[in-house]
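Asker: Sending over a structure as structure tokens; questions will come in a sec.
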Amino acid sequence: MPLPQNNPEQSPSWARLKTLANTLNSTTLIELFKNDAKRTSNMSIEWKDFYVDFSKNLITEEAWNALYELAAYADLDAAINAYFNGDLINETEGRAVLHTALRAAHSDAKVNGEEVNEEVADVKRRIQALSDAVISGAKKGYTNKPFTDIVNIGIGGSDLGPVMVTEALAHYKNHLKVHFMSNVDPDHSVEVLKGLNPETTLFLVVSKSFGTQETLMNAQTVRRWFVEKASEEAIAAHFAAVSTNLTQTSSFGISNDMVFPMADWVGGRFSLWSAVGLSIALSVGYEHFEALLAGAAAMDQHFAEAPAAENLPVKMALLGIWYTNFMQAETEAVIPYTQYLHRFSAYLQQASMESNGKSTSRSGKVVSYQTGSIVWGEPGTNSQHAFFQLIHQGTKLIPCDFIGFRTSLNKNQPHQDALMANFFAQTEALMKGKTIEEVTAEFVEKGVELKSVQYIIPHKVFAGNKPTTTFLIESLTPYNLGALISAYEHKIFVQGVVWNVFSYDQWGVELGKQLANRILAEWQNGTFAEHDQSTQALLKRYKN
Ligand code: F6P
């Protein structure tokens, strides 16, 4: 079944949500809490190791209800069924969207009438076999030495997911050093190759299409580097590929037993659960990779079954719609209070912005409302010393997700308590702010003469009323990480359904690629085509 094509602005709840957003101008979060002793328990969700508190958001129960109605108007339940069933919901590419089948213990999904379960199980067995053999040292390089280093060559979804997860699970790492080469910038390949020993390095060329300029160029550079030091024959033991394009992998010279197929129903930015996650399995071992998948599968089940008001991804999505479409927020920050998640927002940027950064509706019309939102963030507490000034006292509304863990993986309670004191304090400070009276009283208490500080007082006032969602999770296990990523993936899906856009294509990245190829061809042929005035001048400066 194709996804419905309902213009959300025509839903009866759209106008109501606008009115409800206006009424919030005359109240504050503090007031909302005063009037409702049960606000926190009513607006929090507990699911397995997750406690998610939505109560510090600028929203009322009426607005939540209107948002659930908006989701119903978008026919969300039917869309969820179509998604999990393997219907071709990526219509502009004629594909299903089935990364959920990669992590299900058993999936009944069918694509074009064909079951996918066996195909998924087969690739998993191969991921396990290769990762076990490399980790144990049973698989050796061309001089019979065990592998020590892995280099993942890929970009976008063939890089960001694996980088984020291997960093997030660094605590569970084994002896293998995992490196990532993504940028076509020569600096990147030079720096990654520095110090690597070809005898003990395994290269993974990861590209769904096997046609991506950056990845192919980097792979060719690495291949030349390798052959210079080893030999053409040694490639078979040192290069593996992950792709849907099996013709191209073989013409690159990768032997068939080292090629890991990917189905076209796995979107690049949702592919870490497939063989694209080989670097993850190598880095932390297959058991942890399986636990990551199991956590994601458990969240998938929750998402597919829980009613909207108790459904974590649905609530995350609708809250984002509320801020984007009714409260005029342009960005949302994701602030993990663990250094391990330092690449989490970079990963979410692709997942969310490549998916929902669209202005053409599923009916082919230009939308007249906002879609997508700008996702950004860095780990706390570092971000407190960088951009929190603007969140606390700036002019912009920036809803923030605070993600913290109750138990640290590293047993140093004083550090963990210092971290988490900041975690809790920030959301409280953002909500409460500090009034002019409080600032004045502080000076009085310190015995400062008020006249001498009158000009400082307004600068020390915090308006407060800044919204946050708190995710308090038991600990950063592979299982919980899988569930967290899956929750954000489904948030993106729900938002795309309501915004009536196609979330699983990415035509917006094509134009730049096309023009870059044209410029490269011009340099190669020495023929210079017409460019606009500015680009013409820049090109001349570069190649004069
Ligand atoms: O250019 C965007 C994109 O197509 C992403 O969607 C994708 O993750 C990335 O390029 C890499 O593509 P591939 O895995 O085919 O090399």
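Chain identifiers are assigned as A, B, and so on, following the order in which chains appear in the structure tokens; residues are numbered from 1 within each chain, and ligands are numbered from 1 in order of appearance.
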Within range 155-363 of chain A, find each residue whose DSSP state, derived from the backbone, is strand (DSSP E), and express the selection as an mmCIF file with C-alpha atoms, in the first residue's frame.
Answerer:
data_model
loop_
_atom_site.group_PDB
_atom_site.id
_atom_site.type_symbol
_atom_site.label_atom_id
_atom_site.label_comp_id
_atom_site.auth_asym_id
_atom_site.auth_seq_id
_atom_site.Cartn_x
_atom_site.Cartn_y
_atom_site.Cartn_z
ATOM 1 C CA LYS A 177 41.858 -0.674 15.855
ATOM 2 C CA VAL A 178 39.095 0.599 13.595
ATOM 3 C CA HIS A 179 39.682 3.597 11.308
ATOM 4 C CA PHE A 180 37.276 5.456 9.042
ATOM 5 C CA MET A 181 38.118 7.069 5.714
ATOM 6 C CA THR A 201 45.221 -4.252 7.848
ATOM 7 C CA LEU A 202 41.810 -5.266 6.542
ATOM 8 C CA PHE A 203 40.004 -2.771 4.292
ATOM 9 C CA LEU A 204 36.218 -2.645 4.045
ATOM 10 C CA VAL A 205 34.941 -0.786 0.996
ATOM 11 C CA VAL A 206 31.407 0.127 1.936
ATOM 12 C CA PHE A 239 39.738 -6.233 0.930
ATOM 13 C CA ALA A 240 36.082 -6.837 1.673
ATOM 14 C CA ALA A 241 33.149 -4.960 0.172
ATOM 15 C CA VAL A 242 29.602 -4.193 1.244
ATOM 16 C CA SER A 243 27.290 -3.206 -1.593
ATOM 17 C CA VAL A 259 31.597 -9.412 -0.761
ATOM 18 C CA PHE A 260 28.681 -8.773 1.575
ATOM 19 C CA PRO A 261 25.476 -8.030 -0.290
ATOM 20 C CA THR A 331 16.410 23.804 15.148
ATOM 21 C CA GLU A 332 16.571 21.132 17.802
ATOM 22 C CA ALA A 333 19.602 20.227 19.877
ATOM 23 C CA VAL A 334 20.531 16.735 21.030
ATOM 24 C CA ILE A 335 22.870 16.803 24.012
ATOM 25 C CA PRO A 336 24.145 13.429 25.207
#
Asker: At a cut-off of 6 Å and counting only C-alpha atoms and all ligand atoms, what residues surround ligand 1? Please answer as an mmCIF file with C-alpha atoms, in the first residue's frame.
Answerer:
data_model
loop_
_atom_site.group_PDB
_atom_site.id
_atom_site.type_symbol
_atom_site.label_atom_id
_atom_site.label_comp_id
_atom_site.auth_asym_id
_atom_site.auth_seq_id
_atom_site.Cartn_x
_atom_site.Cartn_y
_atom_site.Cartn_z
ATOM 1 C CA ILE A 155 30.760 8.088 3.227
ATOM 2 C CA GLY A 156 27.317 9.267 4.418
ATOM 3 C CA GLY A 157 25.315 6.293 5.621
ATOM 4 C CA SER A 158 28.238 4.012 4.843
ATOM 5 C CA SER A 207 29.117 1.680 -0.630
ATOM 6 C CA LYS A 208 25.523 0.736 -1.251
ATOM 7 C CA SER A 209 25.764 1.929 -4.863
ATOM 8 C CA PHE A 210 29.479 1.313 -5.363
ATOM 9 C CA THR A 212 30.049 7.127 -4.966
ATOM 10 C CA GLY A 268 22.037 4.178 3.249
ATOM 11 C CA ARG A 269 21.358 6.272 6.355
ATOM 12 C CA VAL A 509 22.164 15.636 -2.948
#
Asker: I'd like the contact shell of Val165 in chain A - 10 Å cut-off, only C-alpha atoms, skipping same-chain residues fewer than 2 positions apart - returned as a ChimeraX atom specification.
Answerer: /A:160-163,167-170,272,277,279-280,283-284,289,292,340-341,343-344,347,478,481-482,485
Asker: Go through A:Leu348, A:Met327, A:Val190, A:Ala291 and flag the residue nearest Leu397 in chain A, using only C-alpha atoms for the distances.
Answerer: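 Using only C-alpha atoms, Leu397 in chain A sits closest to A:Met327.
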Asker: From a backbone DSSP assignment, name each residue in range 319-385 of chain A labelled alpha helix (DSSP H), as a list in words.
Answerer: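 Alpha helix (DSSP H) assignments inside range 319-385 of chain A correspond to Leu319, Gly320, Ile321, Phe344, Ser345, Ala346, Tyr347, Leu348, Ser355 and Asn356 of chain A.
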Asker: Save the residues we just selected, N, CA, C and O atoms, as a PDB file, in the first residue's frame?
Answerer:
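Result file follows (again.pdb):
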ATOM      1  N   LEU A 319       6.146  15.932  19.060  1.00  0.00           N
ATOM      2  CA  LEU A 319       6.691  17.087  19.770  1.00  0.00           C
ATOM      3  C   LEU A 319       7.547  17.938  18.807  1.00  0.00           C
ATOM      4  O   LEU A 319       7.478  19.171  18.815  1.00  0.00           O
ATOM      5  N   GLY A 320       8.306  17.258  17.968  1.00  0.00           N
ATOM      6  CA  GLY A 320       9.128  17.980  16.981  1.00  0.00           C
ATOM      7  C   GLY A 320       8.238  18.754  16.012  1.00  0.00           C
ATOM      8  O   GLY A 320       8.541  19.885  15.633  1.00  0.00           O
ATOM      9  N   ILE A 321       7.110  18.155  15.625  1.00  0.00           N
ATOM     10  CA  ILE A 321       6.168  18.836  14.720  1.00  0.00           C
ATOM     11  C   ILE A 321       5.556  20.050  15.424  1.00  0.00           C
ATOM     12  O   ILE A 321       5.427  21.131  14.858  1.00  0.00           O
ATOM     13  N   PHE A 344      26.842  11.295  17.940  1.00  0.00           N
ATOM     14  CA  PHE A 344      25.416  10.980  17.807  1.00  0.00           C
ATOM     15  C   PHE A 344      24.665  12.036  16.987  1.00  0.00           C
ATOM     16  O   PHE A 344      23.881  11.716  16.106  1.00  0.00           O
ATOM     17  N   SER A 345      24.920  13.304  17.252  1.00  0.00           N
ATOM     18  CA  SER A 345      24.144  14.299  16.505  1.00  0.00           C
ATOM     19  C   SER A 345      24.603  14.361  15.051  1.00  0.00           C
ATOM     20  O   SER A 345      23.789  14.636  14.166  1.00  0.00           O
ATOM     21  N   ALA A 346      25.883  14.078  14.778  1.00  0.00           N
ATOM     22  CA  ALA A 346      26.331  14.050  13.370  1.00  0.00           C
ATOM     23  C   ALA A 346      25.570  12.942  12.625  1.00  0.00           C
ATOM     24  O   ALA A 346      25.136  13.107  11.485  1.00  0.00           O
ATOM     25  N   TYR A 347      25.404  11.812  13.302  1.00  0.00           N
ATOM     26  CA  TYR A 347      24.657  10.698  12.711  1.00  0.00           C
ATOM     27  C   TYR A 347      23.193  11.108  12.478  1.00  0.00           C
ATOM     28  O   TYR A 347      22.621  10.881  11.412  1.00  0.00           O
ATOM     29  N   LEU A 348      22.603  11.752  13.508  1.00  0.00           N
ATOM     30  CA  LEU A 348      21.190  12.150  13.388  1.00  0.00           C
ATOM     31  C   LEU A 348      20.989  13.211  12.314  1.00  0.00           C
ATOM     32  O   LEU A 348      19.920  13.308  11.718  1.00  0.00           O
ATOM     33  N   SER A 355      16.443  12.883   5.317  1.00  0.00           N
ATOM     34  CA  SER A 355      15.124  12.244   5.166  1.00  0.00           C
ATOM     35  C   SER A 355      14.002  13.262   5.009  1.00  0.00           C
ATOM     36  O   SER A 355      13.164  13.139   4.119  1.00  0.00           O
ATOM     37  N   ASN A 356      13.973  14.248   5.887  1.00  0.00           N
ATOM     38  CA  ASN A 356      12.806  15.129   5.910  1.00  0.00           C
ATOM     39  C   ASN A 356      13.092  16.551   5.445  1.00  0.00           C
ATOM     40  O   ASN A 356      12.228  17.427   5.582  1.00  0.00           O
TER      41      ASN A 356
END
Asker: As a ChimeraX atom specification, please: the residues near Glu354 in chain A (cut-off 9 Å, only C-alpha atoms, same-chain neighbours under 6 positions excluded).
Answerer: /A:269,372,503-506,508-509
Asker: Have a look at CA of Arg103 in chain A and CA of Thr469 in chain A and let me know their distance in Å, one decimal.
Answerer: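 Computed distance, CA of Arg103 in chain A to CA of Thr469 in chain A, equals 27.1 Å.
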Asker: Work out how far CA of Lys466 in chain A is from CA of Ala429 in chain A, in Å to one decimal.
Answerer: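 Pair CA of Ala429 in chain A / CA of Lys466 in chain A returns 8.7 Å.
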Asker: Would you please work out which residue, of A:Gly364, A:Gly295, A:Gly86, A:Gly447, is nearest to Leu98 in chain A when using only C-alpha atoms?
Answerer: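 Using only C-alpha atoms, Leu98 in chain A sits closest to A:Gly86.
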Asker: Could you jot down the CA of Glu31 in chain A to CA of Ala66 in chain A separation for me, Å, one decimal place?
Answerer: 21.1 Å
